[in-house]
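Novice: The structure's right below; bear with me while I get my questions together.
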Amino acid sequence: MNPIFVRAATAVLSSLCTGAFAARPMVTDDARIVDPKACQVESWVKDSRASTEYWALPACNPTGKLEITAGGARTSGDEAGLTDKEVQAKTIFRPLEEGWGFGLALGTLVHPHEERSRAWPGNPFFYVPVSVKVRGDDWLVHVNAGATRDRDAARTLVTWGLGNEVRLARSTFLIAEAYASDRSRPFWQAGLRHWIVKDRVQMDATYGDRLASGSRERWLTVGLRLLSPPFLP
């Protein structure tokens, strides 16, 4: 589970120009995908001093082994229409149920208001998500390593993320993470994730900032995640 992340980073992608989303509200992705033949929609609002972003990322797993995500964001203050577009494919090679797991994600981010990345293929990226059960399902650690091509800057950025997911109560989890590229100071984010309806409806809220920024880049997010039962043919 920073946006497509160059307007205020949520999901490393904004400020890193990387692009990957984990299960809300984390930017650091996990070694899990949507259930076979099922879909989900992750949506959230991210409010910062610079702008307000409205995100929606639908994803489905039609084959049982490949999760496909396609969505984007509208940002206040920009021209009408989507300000960020993301397409991603993710698969898992070793399931987390075995104690630790890892996978691979490939995708691209398109920023319609940037010069070189306004059209496909946008800013392509990849990353490897690794997840470890430290204390069963009550404490999970997620590590990401990858790279993204920033076409406007004509450079490749190495990206990383380190996140923790800790159960506080039966349906409530503490989320804490840090993430960055090799060209920037890290961002951090912390918050709560709560199941309203187990495995179907989830809400979350976070507070984040960039390290040593003096709160100039801080943000708040509130999100809603909806998951379906298997229904695809």
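Each chain in the structure tokens gets a letter, A, B and so on, in the order shown; residues start at 1 in every chain, and ligands are counted from 1 in the order they appear.
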So that I can check the secondary structure, give me every residue of segment 94-143 of chain A assigned strand (DSSP E or B) by backbone DSSP, as a PyMOL selection string.
Specialist: chain A and resi 94+100-110+123-133+135+137+139-143
Novice: Just write the chosen residues, N, CA and C atoms, as an mmCIF file, in the first residue's frame.
Specialist:
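Result written to again_38.cif:
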```cif
data_model
loop_
_atom_site.group_PDB
_atom_site.id
_atom_site.type_symbol
_atom_site.label_atom_id
_atom_site.label_comp_id
_atom_site.auth_asym_id
_atom_site.auth_seq_id
_atom_site.Cartn_x
_atom_site.Cartn_y
_atom_site.Cartn_z
ATOM 1 N N ARG A 94 5.420 -14.085 -4.041
ATOM 2 C CA ARG A 94 5.333 -14.873 -2.810
ATOM 3 C C ARG A 94 4.283 -14.217 -1.935
ATOM 4 N N TRP A 100 6.188 -13.818 4.941
ATOM 5 C CA TRP A 100 6.700 -12.636 4.250
ATOM 6 C C TRP A 100 6.411 -12.806 2.767
ATOM 7 N N GLY A 101 6.294 -11.698 2.070
ATOM 8 C CA GLY A 101 5.957 -11.775 0.657
ATOM 9 C C GLY A 101 6.599 -10.651 -0.128
ATOM 10 N N PHE A 102 6.629 -10.830 -1.459
ATOM 11 C CA PHE A 102 7.145 -9.774 -2.315
ATOM 12 C C PHE A 102 6.490 -9.859 -3.683
ATOM 13 N N GLY A 103 6.576 -8.764 -4.424
ATOM 14 C CA GLY A 103 5.952 -8.706 -5.740
ATOM 15 C C GLY A 103 6.646 -7.698 -6.627
ATOM 16 N N LEU A 104 5.949 -7.261 -7.668
ATOM 17 C CA LEU A 104 6.481 -6.294 -8.622
ATOM 18 C C LEU A 104 5.342 -5.449 -9.159
ATOM 19 N N ALA A 105 5.568 -4.149 -9.261
ATOM 20 C CA ALA A 105 4.579 -3.230 -9.829
ATOM 21 C C ALA A 105 5.239 -2.395 -10.923
ATOM 22 N N LEU A 106 4.510 -2.232 -12.026
ATOM 23 C CA LEU A 106 4.952 -1.408 -13.155
ATOM 24 C C LEU A 106 3.831 -0.451 -13.509
ATOM 25 N N GLY A 107 4.175 0.771 -13.882
ATOM 26 C CA GLY A 107 3.119 1.701 -14.242
ATOM 27 C C GLY A 107 3.655 2.988 -14.804
ATOM 28 N N THR A 108 2.766 3.955 -14.936
ATOM 29 C CA THR A 108 3.159 5.269 -15.415
ATOM 30 C C THR A 108 2.245 6.330 -14.831
ATOM 31 N N LEU A 109 2.787 7.547 -14.709
ATOM 32 C CA LEU A 109 2.047 8.695 -14.218
ATOM 33 C C LEU A 109 2.042 9.763 -15.304
ATOM 34 N N VAL A 110 0.891 10.300 -15.589
ATOM 35 C CA VAL A 110 0.760 11.355 -16.590
ATOM 36 C C VAL A 110 0.289 12.625 -15.901
ATOM 37 N N ASN A 123 5.420 9.462 -17.007
ATOM 38 C CA ASN A 123 6.607 9.162 -16.212
ATOM 39 C C ASN A 123 6.548 7.698 -15.784
ATOM 40 N N PRO A 124 7.208 6.791 -16.497
ATOM 41 C CA PRO A 124 7.134 5.363 -16.140
ATOM 42 C C PRO A 124 7.854 5.079 -14.830
ATOM 43 N N PHE A 125 7.420 4.039 -14.126
ATOM 44 C CA PHE A 125 8.036 3.675 -12.853
ATOM 45 C C PHE A 125 7.921 2.176 -12.620
ATOM 46 N N PHE A 126 8.730 1.691 -11.699
ATOM 47 C CA PHE A 126 8.577 0.322 -11.196
ATOM 48 C C PHE A 126 9.021 0.313 -9.740
ATOM 49 N N TYR A 127 8.564 -0.663 -8.987
ATOM 50 C CA TYR A 127 9.046 -0.848 -7.621
ATOM 51 C C TYR A 127 8.770 -2.277 -7.181
ATOM 52 N N VAL A 128 9.527 -2.720 -6.196
ATOM 53 C CA VAL A 128 9.371 -4.048 -5.598
ATOM 54 C C VAL A 128 8.848 -3.860 -4.183
ATOM 55 N N PRO A 129 7.633 -4.338 -3.888
ATOM 56 C CA PRO A 129 7.127 -4.272 -2.517
ATOM 57 C C PRO A 129 7.471 -5.554 -1.750
ATOM 58 N N VAL A 130 7.987 -5.401 -0.541
ATOM 59 C CA VAL A 130 8.294 -6.526 0.343
ATOM 60 C C VAL A 130 7.566 -6.295 1.660
ATOM 61 N N SER A 131 6.842 -7.303 2.142
ATOM 62 C CA SER A 131 6.122 -7.197 3.413
ATOM 63 C C SER A 131 6.513 -8.353 4.327
ATOM 64 N N VAL A 132 6.625 -8.051 5.624
ATOM 65 C CA VAL A 132 7.035 -9.045 6.614
ATOM 66 C C VAL A 132 6.082 -8.998 7.797
ATOM 67 N N LYS A 133 5.644 -10.182 8.244
ATOM 68 C CA LYS A 133 4.849 -10.271 9.462
ATOM 69 C C LYS A 133 5.793 -10.317 10.658
ATOM 70 N N ARG A 135 4.682 -9.647 13.931
ATOM 71 C CA ARG A 135 3.906 -10.270 15.001
ATOM 72 C C ARG A 135 2.556 -10.683 14.435
ATOM 73 N N ASP A 137 -0.618 -10.978 12.162
ATOM 74 C CA ASP A 137 -1.344 -9.924 11.462
ATOM 75 C C ASP A 137 -1.454 -8.639 12.279
ATOM 76 N N TRP A 139 1.221 -6.817 13.403
ATOM 77 C CA TRP A 139 2.291 -5.869 13.085
ATOM 78 C C TRP A 139 2.944 -6.298 11.783
ATOM 79 N N LEU A 140 2.812 -5.464 10.758
ATOM 80 C CA LEU A 140 3.409 -5.719 9.455
ATOM 81 C C LEU A 140 4.389 -4.600 9.118
ATOM 82 N N VAL A 141 5.504 -4.973 8.514
ATOM 83 C CA VAL A 141 6.491 -4.001 8.038
ATOM 84 C C VAL A 141 6.561 -4.115 6.520
ATOM 85 N N HIS A 142 6.530 -2.969 5.839
ATOM 86 C CA HIS A 142 6.558 -2.931 4.378
ATOM 87 C C HIS A 142 7.777 -2.131 3.916
ATOM 88 N N VAL A 143 8.484 -2.658 2.925
ATOM 89 C CA VAL A 143 9.655 -1.999 2.357
ATOM 90 C C VAL A 143 9.490 -1.948 0.841
#
```
Novice: Give one line per residue of segment 174-205 of chain A that approaches segment 30-52 of chain A to at most 10 Å, naming the two atoms of the closest pair and their distance in Å to one decimal, counting only C-alpha atoms; sort by chain then ascending residue number and deliver it as a tab-separated table.
Specialist:
```
residue	atom	partner	partner_atom	distance
A:Arg200	CA	A:Gln40	CA	8.8
A:Val201	CA	A:Gln40	CA	9.8
A:Gln202	CA	A:Glu42	CA	9.4
A:Met203	CA	A:Trp44	CA	9.4
A:Asp204	CA	A:Trp44	CA	8.8
A:Ala205	CA	A:Trp44	CA	9.1
```
Novice: Using only C-alpha atoms, can you tell me which of A:Leu157, A:Ile92, A:Ile175, A:Ala23 comes closest to Gly64 of chain A?
Specialist: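 Of the candidates, the smallest distance to Gly64 of chain A is held by A:Ile92.
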Novice: Residues at most 10 Å from Tyr207 of chain A, counting only C-alpha atoms, excluding those fewer than 4 positions away in the same chain, as an MDAnalysis selection string?
Specialist: chainID A and resid 46:47 176 188:192 218:222
Novice: Show me, as JSON, numbers by chain, the residues that have an atom within 10 Å of Arg118 of chain A when counting only C-alpha atoms, minus same-chain residues fewer than 5 positions from it.
Specialist: {"A": [83, 84, 85, 109, 110, 111, 112, 113, 123, 151, 152]}
Novice: Go through A:Arg155, A:Ile68, A:Arg24, A:Thr63 and flag the residue nearest Pro233 of chain A, using only C-alpha atoms for the distances.
Specialist: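 Residue with the minimum atom-to-atom distance to Pro233 of chain A: A:Thr63.
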Novice: To one decimal place in Å, what is the distance between atom CA of Ala59 of chain A and atom CA of Leu174 of chain A?
Specialist: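 A separation of 23.9 Å between them.
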Novice: Enter the distance from atom CA of Glu53 of chain A to atom CA of Val158 of chain A, in Å, rounded to one decimal.
Specialist: 24.8 Å
